[in-house]
Amino acid sequence: AAAAAAAAQGPTYVRKDHSLASITDRIVAEFDEANVENNVSAVQTDGGGSTAQWAGNVAVDSLAERLGVKRRRLYDVMNVLEAVGVTERISKGACKWHGATRVANVLGKLLEEAPAVIAAAEREDANTSGDASSLKALACRLMQHVGSTPKHAPIAFDACVAAMKLGGVPAPDAPGAHGTGALAGAARRLHDVASILIRIGVLEFVEREGKAKGRGELRWLGATSVNKRLAEGAAGAAVEKGYGTGAQQAALERAAAAAA
């Protein structure tokens, strides 16, 4: 009886299923070529997964409803994916899925322009805050900072925030409500951007011993890693520990059934 009642109430809300990183995985799964119900272009590629460009435009509001996530959070992820070259905004409520077809060119251009962007930021007044109004803009700037380190060595997240003049990174021993070193404002938004870039494969998180959780370093992986992640499609989703019964796990089960 209890199971019947739960089923009648619909899917259980699972907080991790609504994190930006989890939504990123679910978007990639949605555009997996194995997802024949929604694959409007019916493309078949050697690499499989979500690497191919889809024909037609994608109604973002309808996608949010299908995935069961808030439109605002879906738009946040789509804006970051556009910075990587995976998607492209066509109109206010529609985008195009390019998959891996433009990623190398988009990331290559970002890194080519990085020295000028970083130099301009360094010339700004130290009290001037960087632009945090657009997640796409934040994603571009973060990729330029991380991707421009010598030999793609890891760079501290806090160092990126400081270089981008975003503020909002209190010291771990700061008094008051932020005594734990919690992020605030634009720095919090940049952390959200980083979580999406990590899940799509552009960056890698390197956690150092003794650092506060989530306040480690970022390493550039680039287009090859993005292509690999998209080729994995739904099967590449990371199942969050303790949240394996949510929509994320359901996406994995659908992918396994399609491959069987």
# chains A, B, ... in the order shown; residues from 1 in each chain; ligands from 1
>>> residues_around(residues="A:Ala153", least_positions_apart="6", cutoff="12 Å", atoms="only C-alpha atoms", output="PDB file with N, CA, C and O atoms, in the first residue's frame")
ATOM      1  N   HIS A 145      41.557  31.564 -17.689  1.00  0.00           N
ATOM      2  CA  HIS A 145      42.527  31.597 -16.592  1.00  0.00           C
ATOM      3  C   HIS A 145      43.127  30.216 -16.337  1.00  0.00           C
ATOM      4  O   HIS A 145      44.353  30.076 -16.207  1.00  0.00           O
ATOM      5  N   VAL A 146      42.281  29.204 -16.278  1.00  0.00           N
ATOM      6  CA  VAL A 146      42.778  27.854 -15.987  1.00  0.00           C
ATOM      7  C   VAL A 146      43.569  27.302 -17.173  1.00  0.00           C
ATOM      8  O   VAL A 146      44.598  26.645 -16.991  1.00  0.00           O
ATOM      9  N   GLY A 147      43.115  27.579 -18.386  1.00  0.00           N
ATOM     10  CA  GLY A 147      43.774  27.041 -19.574  1.00  0.00           C
ATOM     11  C   GLY A 147      45.056  27.730 -19.950  1.00  0.00           C
ATOM     12  O   GLY A 147      45.779  27.260 -20.830  1.00  0.00           O
ATOM     13  N   LEU A 203      37.370  20.898 -17.423  1.00  0.00           N
ATOM     14  CA  LEU A 203      38.281  21.054 -16.292  1.00  0.00           C
ATOM     15  C   LEU A 203      38.256  19.814 -15.411  1.00  0.00           C
ATOM     16  O   LEU A 203      37.341  18.986 -15.488  1.00  0.00           O
ATOM     17  N   GLU A 204      39.260  19.733 -14.567  1.00  0.00           N
ATOM     18  CA  GLU A 204      39.353  18.663 -13.569  1.00  0.00           C
ATOM     19  C   GLU A 204      39.586  19.298 -12.210  1.00  0.00           C
ATOM     20  O   GLU A 204      40.345  20.267 -12.095  1.00  0.00           O
ATOM     21  N   PHE A 205      38.919  18.777 -11.194  1.00  0.00           N
ATOM     22  CA  PHE A 205      39.098  19.292  -9.842  1.00  0.00           C
ATOM     23  C   PHE A 205      40.199  18.517  -9.139  1.00  0.00           C
ATOM     24  O   PHE A 205      40.190  17.285  -9.120  1.00  0.00           O
ATOM     25  N   VAL A 206      41.147  19.240  -8.563  1.00  0.00           N
ATOM     26  CA  VAL A 206      42.256  18.623  -7.832  1.00  0.00           C
ATOM     27  C   VAL A 206      42.160  19.095  -6.389  1.00  0.00           C
ATOM     28  O   VAL A 206      42.375  20.270  -6.087  1.00  0.00           O
ATOM     29  N   GLU A 217      42.029  22.953  -6.376  1.00  0.00           N
ATOM     30  CA  GLU A 217      42.592  23.524  -7.591  1.00  0.00           C
ATOM     31  C   GLU A 217      41.881  22.977  -8.823  1.00  0.00           C
ATOM     32  O   GLU A 217      41.261  21.912  -8.792  1.00  0.00           O
ATOM     33  N   LEU A 218      41.995  23.718  -9.906  1.00  0.00           N
ATOM     34  CA  LEU A 218      41.398  23.341 -11.173  1.00  0.00           C
ATOM     35  C   LEU A 218      42.499  23.105 -12.200  1.00  0.00           C
ATOM     36  O   LEU A 218      43.474  23.853 -12.266  1.00  0.00           O
ATOM     37  N   ARG A 219      42.337  22.055 -13.003  1.00  0.00           N
ATOM     38  CA  ARG A 219      43.308  21.739 -14.045  1.00  0.00           C
ATOM     39  C   ARG A 219      42.584  21.679 -15.389  1.00  0.00           C
ATOM     40  O   ARG A 219      41.482  21.157 -15.504  1.00  0.00           O
ATOM     41  N   TRP A 220      43.228  22.218 -16.414  1.00  0.00           N
ATOM     42  CA  TRP A 220      42.671  22.228 -17.768  1.00  0.00           C
ATOM     43  C   TRP A 220      42.796  20.853 -18.423  1.00  0.00           C
ATOM     44  O   TRP A 220      43.863  20.236 -18.420  1.00  0.00           O
ATOM     45  N   LEU A 221      41.694  20.359 -18.984  1.00  0.00           N
ATOM     46  CA  LEU A 221      41.705  19.110 -19.739  1.00  0.00           C
ATOM     47  C   LEU A 221      41.457  19.353 -21.230  1.00  0.00           C
ATOM     48  O   LEU A 221      42.049  18.705 -22.071  1.00  0.00           O
TER      49      LEU A 221
END
>>> residues_around(residues="A:Ser134", least_positions_apart="6", cutoff="12 Å", atoms="only C-alpha atoms", output="PDB file with N, CA, C and O atoms, in the first residue's frame")
ATOM      1  N   TYR A  75      18.664  26.804 -17.756  1.00  0.00           N
ATOM      2  CA  TYR A  75      19.274  27.890 -18.526  1.00  0.00           C
ATOM      3  C   TYR A  75      20.701  28.162 -18.053  1.00  0.00           C
ATOM      4  O   TYR A  75      21.581  28.472 -18.863  1.00  0.00           O
ATOM      5  N   ASP A  76      20.927  28.059 -16.737  1.00  0.00           N
ATOM      6  CA  ASP A  76      22.279  28.248 -16.205  1.00  0.00           C
ATOM      7  C   ASP A  76      23.252  27.260 -16.850  1.00  0.00           C
ATOM      8  O   ASP A  76      24.343  27.631 -17.304  1.00  0.00           O
ATOM      9  N   VAL A  77      22.858  25.990 -16.893  1.00  0.00           N
ATOM     10  CA  VAL A  77      23.725  24.967 -17.473  1.00  0.00           C
ATOM     11  C   VAL A  77      23.904  25.202 -18.975  1.00  0.00           C
ATOM     12  O   VAL A  77      25.023  25.116 -19.503  1.00  0.00           O
ATOM     13  N   MET A  78      22.820  25.518 -19.675  1.00  0.00           N
ATOM     14  CA  MET A  78      22.897  25.749 -21.111  1.00  0.00           C
ATOM     15  C   MET A  78      23.822  26.916 -21.452  1.00  0.00           C
ATOM     16  O   MET A  78      24.547  26.886 -22.456  1.00  0.00           O
ATOM     17  N   ASN A  79      23.814  27.959 -20.622  1.00  0.00           N
ATOM     18  CA  ASN A  79      24.697  29.100 -20.870  1.00  0.00           C
ATOM     19  C   ASN A  79      26.164  28.711 -20.776  1.00  0.00           C
ATOM     20  O   ASN A  79      26.994  29.170 -21.565  1.00  0.00           O
ATOM     21  N   VAL A  80      26.487  27.870 -19.800  1.00  0.00           N
ATOM     22  CA  VAL A  80      27.881  27.417 -19.657  1.00  0.00           C
ATOM     23  C   VAL A  80      28.255  26.487 -20.812  1.00  0.00           C
ATOM     24  O   VAL A  80      29.354  26.569 -21.359  1.00  0.00           O
ATOM     25  N   GLU A  82      27.117  26.626 -23.728  1.00  0.00           N
ATOM     26  CA  GLU A  82      27.306  27.473 -24.910  1.00  0.00           C
ATOM     27  C   GLU A  82      28.711  28.055 -24.932  1.00  0.00           C
ATOM     28  O   GLU A  82      29.332  28.177 -25.997  1.00  0.00           O
ATOM     29  N   ALA A  83      29.235  28.404 -23.769  1.00  0.00           N
ATOM     30  CA  ALA A  83      30.600  28.921 -23.697  1.00  0.00           C
ATOM     31  C   ALA A  83      31.612  27.885 -24.166  1.00  0.00           C
ATOM     32  O   ALA A  83      32.658  28.220 -24.725  1.00  0.00           O
ATOM     33  N   CYS A 140      33.678  31.600 -19.717  1.00  0.00           N
ATOM     34  CA  CYS A 140      34.747  31.929 -20.665  1.00  0.00           C
ATOM     35  C   CYS A 140      35.985  32.423 -19.933  1.00  0.00           C
ATOM     36  O   CYS A 140      37.107  31.988 -20.211  1.00  0.00           O
ATOM     37  N   ARG A 141      35.783  33.322 -18.979  1.00  0.00           N
ATOM     38  CA  ARG A 141      36.924  33.889 -18.253  1.00  0.00           C
ATOM     39  C   ARG A 141      37.612  32.835 -17.391  1.00  0.00           C
ATOM     40  O   ARG A 141      38.850  32.801 -17.297  1.00  0.00           O
ATOM     41  N   ALA A 186      29.495  36.575  -6.346  1.00  0.00           N
ATOM     42  CA  ALA A 186      30.018  36.154  -7.640  1.00  0.00           C
ATOM     43  C   ALA A 186      30.920  34.936  -7.525  1.00  0.00           C
ATOM     44  O   ALA A 186      30.980  34.104  -8.440  1.00  0.00           O
ATOM     45  N   ARG A 189      28.830  31.925  -7.689  1.00  0.00           N
ATOM     46  CA  ARG A 189      28.405  31.667  -9.069  1.00  0.00           C
ATOM     47  C   ARG A 189      29.542  31.046  -9.872  1.00  0.00           C
ATOM     48  O   ARG A 189      29.321  30.162 -10.701  1.00  0.00           O
ATOM     49  N   LEU A 190      30.761  31.510  -9.618  1.00  0.00           N
ATOM     50  CA  LEU A 190      31.898  30.932 -10.332  1.00  0.00           C
ATOM     51  C   LEU A 190      32.094  29.475  -9.938  1.00  0.00           C
ATOM     52  O   LEU A 190      32.471  28.640 -10.765  1.00  0.00           O
ATOM     53  N   VAL A 193      29.729  27.506 -11.935  1.00  0.00           N
ATOM     54  CA  VAL A 193      30.239  27.382 -13.305  1.00  0.00           C
ATOM     55  C   VAL A 193      31.300  26.288 -13.373  1.00  0.00           C
ATOM     56  O   VAL A 193      31.307  25.455 -14.281  1.00  0.00           O
TER      57      VAL A 193
END
>>> atom_distance(atom1="atom CA of A:Gly236", atom2="atom CA of A:Asp158")
28.6 Å
>>> residues_around(residues="A:Gly108", least_positions_apart="2", cutoff="12 Å", atoms="only C-alpha atoms", output="PyMOL selection string")
chain A and resi 83-85+102-106+110-114+140+143-144+147-148+222-224
>>> closest_residue(among="A:Val86, A:Leu107, A:Ala94, A:Ile23", to="A:Asp61", atoms="only C-alpha atoms")
A:Ala94
>>> closest_residue(among="A:Arg26, A:His98, A:Lys109, A:Arg123", to="A:Met164", atoms="only C-alpha atoms")
A:Arg123
>>> closest_residue(among="A:Ile200, A:Ala137, A:Ile155, A:Ala52", to="A:Ala237", atoms="only C-alpha atoms")
A:Ile200
>>> residues_around(residues="A:Arg73", least_positions_apart="5", cutoff="12 Å", atoms="only C-alpha atoms", output="PyMOL selection string")
chain A and resi 17-24+27+60-61+63-65+67-68+78-80+135+189+192-193+196
>>> write_last_selection(atoms="N, CA and C atoms", output="short mmCIF file (atom, residue, chain, number, x, y, z; two decimals), in the first residue's frame")
data_model
loop_
_atom_site.label_atom_id
_atom_site.label_comp_id
_atom_site.auth_asym_id
_atom_site.auth_seq_id
_atom_site.Cartn_x
_atom_site.Cartn_y
_atom_site.Cartn_z
N ASP A 17 19.75 15.41 -7.71
CA ASP A 17 19.29 15.39 -9.09
C ASP A 17 19.10 16.79 -9.64
N HIS A 18 19.03 17.79 -8.76
CA HIS A 18 18.78 19.16 -9.18
C HIS A 18 20.03 20.03 -9.04
N SER A 19 21.16 19.43 -8.73
CA SER A 19 22.41 20.18 -8.73
C SER A 19 22.78 20.47 -10.18
N LEU A 20 23.55 21.54 -10.40
CA LEU A 20 23.92 21.92 -11.76
C LEU A 20 24.77 20.84 -12.42
N ALA A 21 25.61 20.17 -11.63
CA ALA A 21 26.43 19.10 -12.18
C ALA A 21 25.56 17.93 -12.64
N SER A 22 24.57 17.57 -11.82
CA SER A 22 23.68 16.48 -12.19
C SER A 22 22.84 16.83 -13.41
N ILE A 23 22.35 18.08 -13.46
CA ILE A 23 21.57 18.51 -14.62
C ILE A 23 22.42 18.45 -15.89
N THR A 24 23.70 18.76 -15.77
CA THR A 24 24.61 18.65 -16.92
C THR A 24 24.64 17.23 -17.45
N ILE A 27 21.36 16.42 -19.24
CA ILE A 27 21.26 17.04 -20.57
C ILE A 27 22.05 16.22 -21.58
N VAL A 60 13.86 25.04 -24.92
CA VAL A 60 14.46 24.85 -23.60
C VAL A 60 13.40 24.65 -22.53
N ASP A 61 12.28 25.35 -22.61
CA ASP A 61 11.23 25.18 -21.61
C ASP A 61 10.68 23.76 -21.63
N LEU A 63 12.30 21.14 -22.63
CA LEU A 63 13.36 20.27 -22.11
C LEU A 63 13.37 20.29 -20.59
N ALA A 64 13.19 21.48 -20.00
CA ALA A 64 13.14 21.59 -18.54
C ALA A 64 11.99 20.77 -17.97
N GLU A 65 10.85 20.84 -18.64
CA GLU A 65 9.68 20.07 -18.17
C GLU A 65 9.93 18.57 -18.29
N LEU A 67 12.80 17.02 -18.20
CA LEU A 67 13.80 16.58 -17.22
C LEU A 67 13.34 16.79 -15.79
N GLY A 68 12.26 17.55 -15.61
CA GLY A 68 11.76 17.78 -14.27
C GLY A 68 12.63 18.71 -13.45
N MET A 78 22.82 25.52 -19.67
CA MET A 78 22.90 25.75 -21.11
C MET A 78 23.82 26.92 -21.45
N ASN A 79 23.81 27.96 -20.62
CA ASN A 79 24.70 29.10 -20.87
C ASN A 79 26.16 28.71 -20.78
N VAL A 80 26.49 27.87 -19.80
CA VAL A 80 27.88 27.42 -19.66
C VAL A 80 28.26 26.49 -20.81
N LEU A 135 26.60 33.84 -16.68
CA LEU A 135 27.34 32.61 -16.43
C LEU A 135 28.18 32.23 -17.64
N ARG A 189 28.83 31.93 -7.69
CA ARG A 189 28.40 31.67 -9.07
C ARG A 189 29.54 31.05 -9.87
N ASP A 192 29.71 27.45 -9.14
CA ASP A 192 28.68 26.73 -9.89
C ASP A 192 29.14 26.49 -11.33
N VAL A 193 29.73 27.51 -11.93
CA VAL A 193 30.24 27.38 -13.31
C VAL A 193 31.30 26.29 -13.37
N ILE A 196 29.95 22.75 -13.51
CA ILE A 196 29.45 22.35 -14.83
C ILE A 196 30.60 22.05 -15.77
#
>>> atom_distance(atom1="atom CA of A:Ala100", atom2="atom CA of A:Asn227")
5.6 Å
>>> closest_residue(among="A:Pro154, A:Gly99, A:Gly56, A:Gly216", to="A:Glu232", atoms="only C-alpha atoms")
A:Gly99
>>> closest_residue(among="A:Thr149, A:Ala194, A:Ala238, A:Val226", to="A:Thr51", atoms="only C-alpha atoms")
A:Val226
>>> atom_distance(atom1="atom CA of A:Leu138", atom2="atom CA of A:Ser195")
12.4 Å
>>> closest_residue(among="A:Ala187, A:Val69, A:Ala163, A:Ile198", to="A:Ala121", atoms="only C-alpha atoms")
A:Ala163
